[in-house]
Every structure is written in structure tokens, then in C-alpha cells.
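Novice: File follows, protein07.txt with compact mmCIF, C-alpha atoms:
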```txt
# COMPACT_ATOMS: atom_id res chain seq x y z
CA MET J 28 21.93 23.32 -51.41
CA LYS J 29 22.42 21.81 -47.91
CA VAL J 30 19.51 22.19 -45.46
CA ARG J 31 20.52 22.73 -41.85
CA PRO J 32 18.17 21.73 -39.06
CA MET J 33 16.73 24.69 -37.21
CA LYS J 34 17.57 25.26 -33.57
CA ASN J 35 14.74 25.62 -31.11
CA ARG J 36 14.60 27.90 -28.05
CA SER J 37 16.83 25.62 -26.01
CA GLY J 38 19.52 25.77 -28.66
CA LEU J 39 19.04 22.11 -29.57
CA HIS J 40 18.44 21.05 -33.10
CA SER J 41 14.82 20.03 -33.48
CA ALA J 42 15.87 16.43 -34.19
CA MET J 43 17.58 16.34 -30.78
CA ALA J 44 14.78 18.15 -28.92
CA LYS J 45 12.15 15.46 -29.54
CA PRO J 46 14.06 12.64 -27.79
CA ALA J 47 14.90 15.02 -24.93
CA ARG J 48 11.21 15.92 -24.51
CA SER J 49 10.26 12.26 -24.66
CA THR J 50 12.84 11.40 -21.99
CA PHE J 51 11.61 14.27 -19.82
CA ARG J 52 8.00 13.10 -20.14
CA GLY J 53 9.01 9.55 -19.23
CA LEU J 54 10.93 10.81 -16.21
CA ALA J 55 7.99 12.99 -15.16
CA LEU J 56 5.65 9.98 -15.38
CA LEU J 57 8.05 7.87 -13.34
CA VAL J 58 8.31 10.54 -10.62
CA GLY J 59 4.52 10.92 -10.64
CA ALA J 60 4.07 7.18 -10.20
CA ALA J 61 6.54 7.17 -7.31
CA ILE J 62 4.66 9.99 -5.61
CA CYS J 63 1.37 8.13 -6.04
CA ALA J 64 2.90 4.95 -4.59
CA PHE J 65 4.18 6.90 -1.60
CA ALA J 66 0.81 8.59 -1.14
CA ALA J 67 -0.92 5.20 -1.15
CA ALA J 68 1.21 4.05 1.75
CA ASP J 69 1.17 7.35 3.62
CA GLY J 70 -1.23 6.18 6.31
CA ALA J 71 -3.68 9.05 5.78
CA TRP J 72 -6.48 6.55 6.40
CA LEU J 73 -5.46 6.45 10.07
CA THR J 74 -6.75 10.00 10.53
CA LYS J 75 -10.20 8.91 9.33
CA VAL J 76 -10.71 6.22 11.97
CA PRO J 77 -13.27 7.38 14.57
CA ALA J 78 -12.05 7.34 18.18
CA LYS J 79 -14.53 4.61 19.20
CA ASP J 80 -13.19 2.33 16.45
CA HIS J 81 -9.55 3.24 17.18
CA GLU J 82 -10.04 2.09 20.77
CA ARG J 83 -11.84 -1.18 19.98
CA GLN J 84 -10.22 -4.24 21.49
CA ASN J 85 -9.53 -7.36 19.45
CA PRO J 86 -11.35 -10.31 21.07
CA TYR J 87 -8.88 -12.74 19.43
CA ARG J 88 -5.60 -10.96 20.20
CA GLY J 89 -2.80 -13.41 20.94
CA GLN J 90 -4.82 -16.55 20.18
CA ASP J 91 -2.85 -18.99 18.03
CA GLU J 92 -6.02 -20.43 16.48
CA ALA J 93 -7.11 -16.94 15.40
CA VAL J 94 -3.68 -16.27 13.86
CA ALA J 95 -3.93 -19.51 11.84
CA ALA J 96 -7.51 -18.78 10.75
CA GLY J 97 -6.57 -15.18 9.90
CA HIS J 98 -3.66 -16.43 7.81
CA ARG J 99 -5.98 -18.65 5.75
CA ILE J 100 -8.39 -15.75 5.19
CA PHE J 101 -5.47 -13.45 4.34
CA LEU J 102 -4.25 -15.88 1.67
CA ASP J 103 -7.76 -16.04 0.16
CA HIS J 104 -8.56 -12.32 0.21
CA CYS J 105 -5.46 -10.17 0.80
CA ALA J 106 -2.33 -11.89 -0.54
CA GLN J 107 -3.09 -11.05 -4.16
CA CYS J 108 -2.42 -7.38 -3.42
CA HIS J 109 -0.23 -7.40 -0.31
CA GLY J 110 1.81 -10.51 -1.18
CA GLU J 111 1.73 -13.92 0.46
CA ASP J 112 4.41 -12.74 2.90
CA ALA J 113 2.56 -9.41 3.50
CA ASN J 114 5.63 -7.48 2.33
CA GLY J 115 3.54 -5.64 -0.25
CA THR J 116 3.71 -5.59 -4.01
CA LYS J 117 4.70 -2.93 -6.52
CA LYS J 118 1.42 -1.07 -6.07
CA LYS J 119 0.21 -2.11 -2.60
CA PRO J 120 1.83 -1.37 0.74
CA PRO J 121 3.48 -3.88 3.06
CA LEU J 122 1.63 -4.88 6.20
CA ARG J 123 4.85 -5.45 8.12
CA SER J 124 5.58 -1.72 8.21
CA GLU J 125 6.03 0.24 11.42
CA ARG J 126 2.84 2.15 10.57
CA VAL J 127 0.71 -1.00 10.53
CA GLN J 128 2.51 -2.86 13.27
CA GLN J 129 3.17 -0.06 15.76
CA GLU J 130 1.07 3.01 14.91
CA ALA J 131 -2.20 1.35 13.91
CA THR J 132 -4.26 -0.26 16.65
CA ASP J 133 -6.19 -3.49 16.14
CA GLY J 134 -9.30 -1.31 16.02
CA ASP J 135 -7.77 0.81 13.23
CA ILE J 136 -7.05 -2.25 11.11
CA HIS J 137 -10.53 -3.68 11.74
CA TRP J 138 -12.04 -0.32 10.71
CA LEU J 139 -10.03 -0.33 7.47
CA LEU J 140 -11.14 -3.88 6.68
CA VAL J 141 -14.78 -2.89 7.21
CA ASN J 142 -14.65 0.46 5.37
CA GLY J 143 -11.85 0.02 2.86
CA ASN J 144 -10.12 2.90 1.11
CA MET J 145 -11.18 2.70 -2.52
CA LYS J 146 -9.22 5.83 -3.49
CA LYS J 147 -6.11 3.80 -2.71
CA GLY J 148 -7.45 0.52 -4.08
CA MET J 149 -8.35 -1.09 -0.74
CA PRO J 150 -11.79 -2.71 -0.94
CA SER J 151 -14.20 -3.07 1.95
CA TRP J 152 -14.36 -6.58 3.35
CA ALA J 153 -17.57 -5.89 5.31
CA LYS J 154 -19.18 -8.87 3.55
CA LEU J 155 -17.01 -11.16 5.70
CA PRO J 156 -18.27 -12.05 9.18
CA ASP J 157 -16.89 -9.82 11.94
CA GLN J 158 -15.12 -12.83 13.50
CA GLN J 159 -13.10 -13.30 10.30
CA LEU J 160 -12.19 -9.60 10.15
CA TRP J 161 -10.81 -9.81 13.69
CA GLN J 162 -8.93 -13.01 12.78
CA VAL J 163 -7.30 -11.25 9.81
CA THR J 164 -6.43 -8.37 12.15
CA THR J 165 -4.92 -10.85 14.62
CA TYR J 166 -2.84 -12.43 11.85
CA VAL J 167 -1.62 -9.11 10.47
CA LYS J 168 -0.60 -7.86 13.91
CA SER J 169 1.19 -11.17 14.60
CA LEU J 170 3.59 -10.54 11.69
CA GLY J 171 5.63 -7.80 13.36
CA THR J 172 7.89 -5.49 11.39
CA GLN J 173 10.42 -6.66 8.88
CA THR J 174 13.45 -4.55 8.24
CA ALA J 175 15.15 -4.21 4.86
CA GLU J 176 18.06 -6.36 6.11
CA SER J 177 15.82 -9.27 7.08
CA ARG J 178 14.11 -9.31 3.65
CA HIS J 179 17.35 -10.25 1.89
```
Would it be possible to restate this file's structure as C-alpha cells?
Specialist:
Amino acid sequence: MKVRPMKNRSGLHSAMAKPARSTFRGLALLVGAAICAFAAADGAWLTKVPAKDHERQNPYRGQDEAVAAGHRIFLDHCAQCHGEDANGTKKKPPLRSERVQQEATDGDIHWLLVNGNMKKGMPSWAKLPDQQLWQVTTYVKSLGTQTAESRH
């Protein structure tokens, strides 16, 4: 006697349904990861910056020595997550984005360095001297935006 596989509710034979469910789960995980990556770079942290910090002025803005010092500090503390070129990595956002370069003030970036955003994986760097935090801010703001065309 020949045994026929039973059909499930979707009309698929049970042997075919398992790979389909596995593929669907994999796709759902991929979409979920993409949503999380987008959420991490959504800039929600900008809404948490107090007005007094948002308006703070960078005492090192435009100083070449501060840009160079900030670059060295960036390589030591930030490049592992944001990339040596600050274009971001698979899980961490680029710092050459319009949000960072045009929407965020120097005070916003300084506030983020001091307070971090652990829900998104950004540690606080408050252990560094304030001068170094402003130098990193100066370096980051010196990068400008990089379009998709200029990355290739």
C-alpha cells in the first residue's frame, strides 16, 4: 500500500510546508533586523538633548589642531563601531550622514558623547576629559556628508 503525504491547511504537502515555514521565518528575521538597524540610525536621540546642551558652542570649532586631535581620539574610541572612515558598519550608523552633519549641532553631538545611548549600543564617553569630547565633535563635524556616489 502506497502512503500519500497529507496536505495541510495551505494545501501544501507537509514535506513542502516545513521548508516554506523555515524560509518565512528567515525572511521575518531579516526584515526585523533591517527595522532594528533603521531604528538605531533614526536620530531619536536628538529629541532627548536638552535645549541648553543643544545650544552649546564648540570652543574648538574650525581649529585644525582640534580636528587632528579629535581624529586620533576617534580612531582609539569610535572607529571600531563607526568605521575608520566614519561611514558606519553593518550595525552602527555613519557619522557622515545629513542627520549628524546638518541636523545635529555640535552641542547635540557633545551631549551624545557624554550621555551615550545604550539602548542603541552607544556608550557614554564621559570618562574622557571634556576637551577631548569637543575635539571628537570637531573632527566628526569636519567630515561633512558623503553621498552614495562618492563612496564608490
Novice: Please measure the separation of CA of Lys154 in chain J and CA of Asp133 in chain J, giving the value in Å to one decimal.
Specialist: 18.9 Å
Novice: Need to verify the contact set: range 95-108 of chain J, 12 Å, all atoms listed in the file, exclusion of same-chain residues closer than 2 positions in sequence. Can you return it as an MDAnalysis selection string?
Specialist: chainID J and resid 87:93 110:122 140 147:152 154:170
Novice: To one decimal in Å, tell me the separation between CA of Thr172 in chain J and CA of Lys75 in chain J.
Specialist: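 Answer for the CA of Thr172 in chain J to CA of Lys75 in chain J separation: 23.2 Å.
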Novice: Please, what distance in Å, to one decimal, runs between CA of Glu82 in chain J and CA of Thr132 in chain J?
Specialist: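 For CA of Glu82 in chain J relative to CA of Thr132 in chain J, the distance reads 7.5 Å.
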Novice: Would you mind listing what lies within 8 Å of Trp138 in chain J as a ChimeraX atom specification, with all atoms listed in the file counted and same-chain residues fewer than 5 positions away left out?
Specialist: /J:76,80-81,143
Novice: As a ChimeraX atom specification, please: the residues near range 69-74 of chain J (cut-off 8 Å, all atoms listed in the file, same-chain neighbours under 5 positions excluded).
Specialist: /J:126,131,135,139,144
